[in-house]
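target-v2.cif (mmCIF, N, CA and C atoms)
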data_work
#
loop_
_atom_site.label_atom_id
_atom_site.label_comp_id
_atom_site.auth_asym_id
_atom_site.auth_seq_id
_atom_site.Cartn_x
_atom_site.Cartn_y
_atom_site.Cartn_z
N MET A 1021 127.68 -112.44 10.59
CA MET A 1021 128.20 -111.26 11.28
C MET A 1021 129.07 -111.70 12.45
N SER A 1022 130.02 -110.85 12.77
CA SER A 1022 130.94 -111.18 13.85
C SER A 1022 130.34 -110.84 15.21
N VAL A 1023 130.97 -111.33 16.25
CA VAL A 1023 130.54 -111.05 17.62
C VAL A 1023 130.61 -109.55 17.89
N VAL A 1024 131.62 -108.91 17.37
CA VAL A 1024 131.77 -107.46 17.56
C VAL A 1024 130.57 -106.72 16.97
N THR A 1025 130.14 -107.12 15.80
CA THR A 1025 129.00 -106.48 15.15
C THR A 1025 127.74 -106.67 15.98
N TYR A 1026 127.52 -107.88 16.47
CA TYR A 1026 126.34 -108.13 17.32
C TYR A 1026 126.39 -107.28 18.59
N CYS A 1027 127.55 -107.21 19.20
CA CYS A 1027 127.71 -106.41 20.43
C CYS A 1027 127.40 -104.93 20.14
N LEU A 1028 127.88 -104.43 19.03
CA LEU A 1028 127.61 -103.03 18.67
C LEU A 1028 126.13 -102.79 18.43
N LEU A 1029 125.47 -103.72 17.78
CA LEU A 1029 124.02 -103.59 17.56
C LEU A 1029 123.27 -103.56 18.89
N VAL A 1030 123.66 -104.43 19.81
CA VAL A 1030 123.00 -104.49 21.11
C VAL A 1030 123.27 -103.22 21.91
N LEU A 1031 124.52 -102.77 21.96
CA LEU A 1031 124.87 -101.59 22.75
C LEU A 1031 124.22 -100.32 22.20
N ASN A 1032 124.19 -100.19 20.88
CA ASN A 1032 123.57 -99.01 20.28
C ASN A 1032 122.05 -99.05 20.44
N SER A 1033 121.48 -100.23 20.34
CA SER A 1033 120.04 -100.37 20.55
C SER A 1033 119.68 -100.03 22.00
N LEU A 1034 120.48 -100.51 22.93
CA LEU A 1034 120.25 -100.20 24.34
C LEU A 1034 120.34 -98.70 24.60
N SER A 1035 121.34 -98.07 24.05
CA SER A 1035 121.49 -96.63 24.21
C SER A 1035 120.29 -95.89 23.64
N PHE A 1036 119.86 -96.29 22.46
CA PHE A 1036 118.70 -95.68 21.81
C PHE A 1036 117.45 -95.82 22.69
N VAL A 1037 117.23 -97.01 23.21
CA VAL A 1037 116.06 -97.27 24.06
C VAL A 1037 116.13 -96.45 25.35
N LEU A 1038 117.31 -96.36 25.95
CA LEU A 1038 117.45 -95.58 27.18
C LEU A 1038 117.10 -94.12 26.96
N TYR A 1039 117.59 -93.54 25.90
CA TYR A 1039 117.28 -92.14 25.59
C TYR A 1039 115.79 -91.97 25.31
N GLY A 1040 115.22 -92.91 24.55
CA GLY A 1040 113.79 -92.84 24.24
C GLY A 1040 112.94 -92.98 25.49
N TRP A 1041 113.30 -93.92 26.36
CA TRP A 1041 112.56 -94.12 27.61
C TRP A 1041 112.64 -92.88 28.49
N ASP A 1042 113.83 -92.28 28.57
CA ASP A 1042 113.99 -91.09 29.39
C ASP A 1042 113.14 -89.94 28.86
N LYS A 1043 113.07 -89.79 27.55
CA LYS A 1043 112.24 -88.74 26.96
C LYS A 1043 110.76 -89.00 27.27
N TRP A 1044 110.34 -90.25 27.15
CA TRP A 1044 108.95 -90.60 27.44
C TRP A 1044 108.62 -90.31 28.91
N GLN A 1045 109.54 -90.68 29.80
CA GLN A 1045 109.34 -90.42 31.22
C GLN A 1045 109.32 -88.92 31.50
N ALA A 1046 110.13 -88.17 30.80
CA ALA A 1046 110.16 -86.71 30.98
C ALA A 1046 108.81 -86.10 30.59
N LYS A 1047 108.23 -86.60 29.51
CA LYS A 1047 106.94 -86.07 29.05
C LYS A 1047 105.81 -86.38 30.02
N LYS A 1048 105.83 -87.57 30.60
CA LYS A 1048 104.73 -87.95 31.48
C LYS A 1048 105.01 -87.70 32.96
N GLY A 1049 106.19 -87.15 33.26
CA GLY A 1049 106.53 -86.82 34.65
C GLY A 1049 106.91 -88.03 35.48
N GLY A 1050 107.41 -89.06 34.85
CA GLY A 1050 107.80 -90.29 35.55
C GLY A 1050 109.23 -90.25 36.05
N GLU A 1051 109.69 -91.42 36.49
CA GLU A 1051 111.05 -91.54 37.02
C GLU A 1051 112.04 -91.54 35.85
N ARG A 1052 113.00 -90.63 35.94
CA ARG A 1052 113.95 -90.41 34.84
C ARG A 1052 115.19 -91.28 34.99
N ILE A 1053 115.90 -91.43 33.90
CA ILE A 1053 117.20 -92.09 33.88
C ILE A 1053 118.25 -90.99 34.09
N SER A 1054 119.21 -91.25 34.95
CA SER A 1054 120.20 -90.21 35.24
C SER A 1054 121.06 -89.91 34.02
N GLU A 1055 121.58 -88.69 33.97
CA GLU A 1055 122.45 -88.30 32.87
C GLU A 1055 123.73 -89.13 32.87
N LYS A 1056 124.19 -89.54 34.05
CA LYS A 1056 125.38 -90.38 34.12
C LYS A 1056 125.15 -91.71 33.40
N VAL A 1057 123.99 -92.30 33.58
CA VAL A 1057 123.67 -93.58 32.92
C VAL A 1057 123.58 -93.37 31.41
N LEU A 1058 122.94 -92.29 30.99
CA LEU A 1058 122.84 -92.01 29.56
C LEU A 1058 124.22 -91.81 28.94
N LEU A 1059 125.07 -91.05 29.61
CA LEU A 1059 126.42 -90.82 29.08
C LEU A 1059 127.26 -92.10 29.12
N PHE A 1060 127.06 -92.92 30.14
CA PHE A 1060 127.79 -94.19 30.20
C PHE A 1060 127.38 -95.10 29.04
N SER A 1061 126.08 -95.13 28.74
CA SER A 1061 125.63 -95.95 27.60
C SER A 1061 126.21 -95.41 26.29
N THR A 1062 126.37 -94.11 26.21
CA THR A 1062 126.98 -93.50 25.02
C THR A 1062 128.46 -93.86 24.94
N LEU A 1063 129.14 -93.79 26.06
CA LEU A 1063 130.58 -94.07 26.11
C LEU A 1063 130.90 -95.51 25.75
N THR A 1064 130.06 -96.45 26.15
CA THR A 1064 130.34 -97.87 25.93
C THR A 1064 129.87 -98.32 24.55
N MET A 1065 130.37 -97.66 23.54
CA MET A 1065 130.12 -97.99 22.13
C MET A 1065 128.66 -97.83 21.73
N GLY A 1066 127.93 -96.94 22.39
CA GLY A 1066 126.54 -96.70 22.05
C GLY A 1066 126.28 -95.31 21.52
N ALA A 1067 127.30 -94.66 20.99
CA ALA A 1067 127.17 -93.26 20.57
C ALA A 1067 126.27 -93.10 19.35
N VAL A 1068 126.29 -94.03 18.44
CA VAL A 1068 125.44 -93.92 17.25
C VAL A 1068 123.97 -94.02 17.67
N GLY A 1069 123.65 -94.95 18.55
CA GLY A 1069 122.29 -95.07 19.06
C GLY A 1069 121.86 -93.83 19.82
N ALA A 1070 122.78 -93.26 20.60
CA ALA A 1070 122.48 -92.04 21.35
C ALA A 1070 122.23 -90.87 20.40
N ALA A 1071 123.06 -90.74 19.38
CA ALA A 1071 122.90 -89.64 18.42
C ALA A 1071 121.58 -89.76 17.67
N LEU A 1072 121.24 -90.98 17.27
CA LEU A 1072 119.96 -91.19 16.58
C LEU A 1072 118.78 -90.86 17.50
N ALA A 1073 118.87 -91.29 18.75
CA ALA A 1073 117.80 -91.02 19.70
C ALA A 1073 117.67 -89.52 19.97
N MET A 1074 118.80 -88.83 20.08
CA MET A 1074 118.75 -87.38 20.30
C MET A 1074 118.04 -86.71 19.14
N LYS A 1075 118.32 -87.16 17.94
CA LYS A 1075 117.72 -86.57 16.74
C LYS A 1075 116.23 -86.93 16.64
N ILE A 1076 115.90 -88.19 16.78
CA ILE A 1076 114.53 -88.65 16.61
C ILE A 1076 113.60 -88.15 17.72
N PHE A 1077 114.07 -88.24 18.97
CA PHE A 1077 113.23 -87.87 20.11
C PHE A 1077 113.41 -86.42 20.54
N SER A 1078 114.33 -85.70 19.90
CA SER A 1078 114.68 -84.33 20.32
C SER A 1078 114.94 -84.28 21.82
N HIS A 1079 115.82 -85.18 22.25
CA HIS A 1079 116.10 -85.31 23.68
C HIS A 1079 117.55 -84.97 23.97
N LYS A 1080 117.75 -84.19 25.00
CA LYS A 1080 119.08 -83.75 25.46
C LYS A 1080 119.79 -82.90 24.41
N THR A 1081 119.06 -82.32 23.50
CA THR A 1081 119.68 -81.54 22.43
C THR A 1081 120.08 -80.14 22.88
N GLN A 1082 119.56 -79.70 24.01
CA GLN A 1082 119.92 -78.37 24.52
C GLN A 1082 120.97 -78.44 25.62
N LYS A 1083 121.35 -79.63 26.03
CA LYS A 1083 122.36 -79.81 27.07
C LYS A 1083 123.74 -79.73 26.44
N PRO A 1084 124.56 -78.75 26.83
CA PRO A 1084 125.90 -78.59 26.22
C PRO A 1084 126.77 -79.84 26.34
N LEU A 1085 126.70 -80.52 27.48
CA LEU A 1085 127.52 -81.72 27.66
C LEU A 1085 127.17 -82.79 26.62
N PHE A 1086 125.90 -82.99 26.37
CA PHE A 1086 125.47 -83.99 25.40
C PHE A 1086 125.75 -83.52 23.98
N LYS A 1087 125.53 -82.24 23.71
CA LYS A 1087 125.80 -81.69 22.37
C LYS A 1087 127.27 -81.83 22.00
N LEU A 1088 128.14 -81.78 22.99
CA LEU A 1088 129.57 -81.86 22.75
C LEU A 1088 130.07 -83.31 22.75
N LEU A 1089 129.71 -84.05 23.79
CA LEU A 1089 130.27 -85.39 23.97
C LEU A 1089 129.76 -86.44 22.99
N VAL A 1090 128.48 -86.42 22.68
CA VAL A 1090 127.93 -87.48 21.82
C VAL A 1090 128.60 -87.49 20.44
N PRO A 1091 128.72 -86.35 19.75
CA PRO A 1091 129.42 -86.39 18.45
C PRO A 1091 130.90 -86.77 18.56
N ILE A 1092 131.57 -86.30 19.61
CA ILE A 1092 132.98 -86.64 19.79
C ILE A 1092 133.14 -88.14 20.02
N LEU A 1093 132.32 -88.70 20.92
CA LEU A 1093 132.40 -90.13 21.19
C LEU A 1093 132.03 -90.95 19.95
N MET A 1094 131.06 -90.47 19.20
CA MET A 1094 130.67 -91.18 17.98
C MET A 1094 131.84 -91.20 16.98
N ALA A 1095 132.53 -90.09 16.83
CA ALA A 1095 133.67 -90.03 15.91
C ALA A 1095 134.78 -90.99 16.37
N PHE A 1096 135.08 -91.00 17.66
CA PHE A 1096 136.11 -91.92 18.17
C PHE A 1096 135.70 -93.37 17.98
N GLN A 1097 134.42 -93.67 18.21
CA GLN A 1097 133.97 -95.05 18.07
C GLN A 1097 133.98 -95.49 16.61
N ILE A 1098 133.62 -94.62 15.71
CA ILE A 1098 133.66 -94.96 14.29
C ILE A 1098 135.11 -95.16 13.84
N LEU A 1099 136.01 -94.31 14.31
CA LEU A 1099 137.43 -94.49 13.98
C LEU A 1099 137.97 -95.80 14.54
N ALA A 1100 137.57 -96.13 15.76
CA ALA A 1100 138.02 -97.39 16.37
C ALA A 1100 137.52 -98.59 15.57
N LEU A 1101 136.28 -98.52 15.11
CA LEU A 1101 135.73 -99.61 14.30
C LEU A 1101 136.42 -99.70 12.95
N ALA A 1102 136.70 -98.55 12.35
CA ALA A 1102 137.40 -98.55 11.06
C ALA A 1102 138.78 -99.18 11.22
N PHE A 1103 139.45 -98.83 12.31
CA PHE A 1103 140.76 -99.43 12.57
C PHE A 1103 140.63 -100.93 12.81
N TYR A 1104 139.65 -101.32 13.62
CA TYR A 1104 139.45 -102.74 13.93
C TYR A 1104 139.17 -103.55 12.67
N TYR A 1105 138.22 -103.10 11.88
CA TYR A 1105 137.89 -103.83 10.67
C TYR A 1105 138.96 -103.67 9.59
N GLY A 1106 139.60 -102.52 9.54
CA GLY A 1106 140.67 -102.31 8.58
C GLY A 1106 141.87 -103.17 8.86
N ALA A 1107 142.17 -103.39 10.12
CA ALA A 1107 143.29 -104.21 10.51
C ALA A 1107 143.06 -105.68 10.17
N ARG A 1108 141.82 -106.05 9.95
CA ARG A 1108 141.47 -107.43 9.65
C ARG A 1108 141.35 -107.71 8.14
N LEU A 1109 141.48 -106.69 7.32
CA LEU A 1109 141.36 -106.89 5.88
C LEU A 1109 142.63 -107.57 5.34
N PRO A 1110 142.49 -108.48 4.38
CA PRO A 1110 143.68 -109.12 3.80
C PRO A 1110 144.48 -108.11 2.99
N LYS A 1111 145.79 -108.30 2.96
CA LYS A 1111 146.67 -107.36 2.25
C LYS A 1111 146.93 -107.82 0.85
#

Please express the file's structure as structure tokens.
Amino acid sequence: MSVVTYCLLVLNSLSFVLYGWDKWQAKKGGERISEKVLLFSTLTMGAVGAALAMKIFSHKTQKPLFKLLVPILMAFQILALAFYYGARLPK
């Protein structure tokens, strides 16, 4: 696997863990992760992890900003990856 693939796995895993941790903290009344940090993790190529975490943990699913931005960012990131990997295919 390429360095890009490893980076994407790490960033999406981090995003997933952050959303999961925030949900767990919300349930037990602990210290939460700010929405800015969650959105930043989503923006930095972690949208797939964020979307999975939102679905699995049912977290931030009622927040309009998250409902709107996470799918949009995920679409842009998938398109960017398709372009990146597509540009590297032999002709």

Original post:
Which is closest to Ile1098 in chain A among A:Val1024, A:Val1068, A:Leu1059, A:Leu1038, if we use all atoms listed in the file?
Top reply: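 Smallest distance to Ile1098 in chain A is found for A:Val1068.
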
Subject >> Among the residues A:Lys1048, A:Ala1071, A:Gly1040, A:Met1021, the one that comes closest to Pro1091 in chain A [using all atoms listed in the file] >> reply: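 Smallest separation from Pro1091 in chain A among the options: A:Ala1071.
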
So which residues get picked by the PyMOL selection byres (((chain A and resi 1072-1088 and name CA) around 9) and name CA) here, written as a short mmCIF file (atom, residue, chain, number, x, y, z; two decimals) with N, CA and C atoms, in the coordinates of the input?
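This is the output file out-v2.cif:
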data_model
loop_
_atom_site.label_atom_id
_atom_site.label_comp_id
_atom_site.auth_asym_id
_atom_site.auth_seq_id
_atom_site.Cartn_x
_atom_site.Cartn_y
_atom_site.Cartn_z
N SER A 1035 121.34 -98.07 24.05
CA SER A 1035 121.49 -96.63 24.21
C SER A 1035 120.29 -95.89 23.64
N PHE A 1036 119.86 -96.29 22.46
CA PHE A 1036 118.70 -95.68 21.81
C PHE A 1036 117.45 -95.82 22.69
N VAL A 1037 117.23 -97.01 23.21
CA VAL A 1037 116.06 -97.27 24.06
C VAL A 1037 116.13 -96.45 25.35
N LEU A 1038 117.31 -96.36 25.95
CA LEU A 1038 117.45 -95.58 27.18
C LEU A 1038 117.10 -94.12 26.96
N TYR A 1039 117.59 -93.54 25.90
CA TYR A 1039 117.28 -92.14 25.59
C TYR A 1039 115.79 -91.97 25.31
N GLY A 1040 115.22 -92.91 24.55
CA GLY A 1040 113.79 -92.84 24.24
C GLY A 1040 112.94 -92.98 25.49
N ASP A 1042 113.83 -92.28 28.57
CA ASP A 1042 113.99 -91.09 29.39
C ASP A 1042 113.14 -89.94 28.86
N LYS A 1043 113.07 -89.79 27.55
CA LYS A 1043 112.24 -88.74 26.96
C LYS A 1043 110.76 -89.00 27.27
N TRP A 1044 110.34 -90.25 27.15
CA TRP A 1044 108.95 -90.60 27.44
C TRP A 1044 108.62 -90.31 28.91
N LEU A 1059 125.07 -91.05 29.61
CA LEU A 1059 126.42 -90.82 29.08
C LEU A 1059 127.26 -92.10 29.12
N ALA A 1067 127.30 -94.66 20.99
CA ALA A 1067 127.17 -93.26 20.57
C ALA A 1067 126.27 -93.10 19.35
N VAL A 1068 126.29 -94.03 18.44
CA VAL A 1068 125.44 -93.92 17.25
C VAL A 1068 123.97 -94.02 17.67
N GLY A 1069 123.65 -94.95 18.55
CA GLY A 1069 122.29 -95.07 19.06
C GLY A 1069 121.86 -93.83 19.82
N ALA A 1070 122.78 -93.26 20.60
CA ALA A 1070 122.48 -92.04 21.35
C ALA A 1070 122.23 -90.87 20.40
N ALA A 1071 123.06 -90.74 19.38
CA ALA A 1071 122.90 -89.64 18.42
C ALA A 1071 121.58 -89.76 17.67
N LEU A 1089 129.71 -84.05 23.79
CA LEU A 1089 130.27 -85.39 23.97
C LEU A 1089 129.76 -86.44 22.99
N VAL A 1090 128.48 -86.42 22.68
CA VAL A 1090 127.93 -87.48 21.82
C VAL A 1090 128.60 -87.49 20.44
N PRO A 1091 128.72 -86.35 19.75
CA PRO A 1091 129.42 -86.39 18.45
C PRO A 1091 130.90 -86.77 18.56
N ILE A 1092 131.57 -86.30 19.61
CA ILE A 1092 132.98 -86.64 19.79
C ILE A 1092 133.14 -88.14 20.02
N LEU A 1093 132.32 -88.70 20.92
CA LEU A 1093 132.40 -90.13 21.19
C LEU A 1093 132.03 -90.95 19.95
#

Subject >> DSSP-assigned helix (DSSP H, G or I) among range 1054-1092 of chain A, expressed as an NGL selection string >> reply: :A and (1055-1063 or 1067-1077 or 1084-1092)

Original post:
Quick one: distance from CA of Gly1106 in chain A to atom N of Val1023 in chain A in Å, one decimal?
Top reply: 15.3 Å
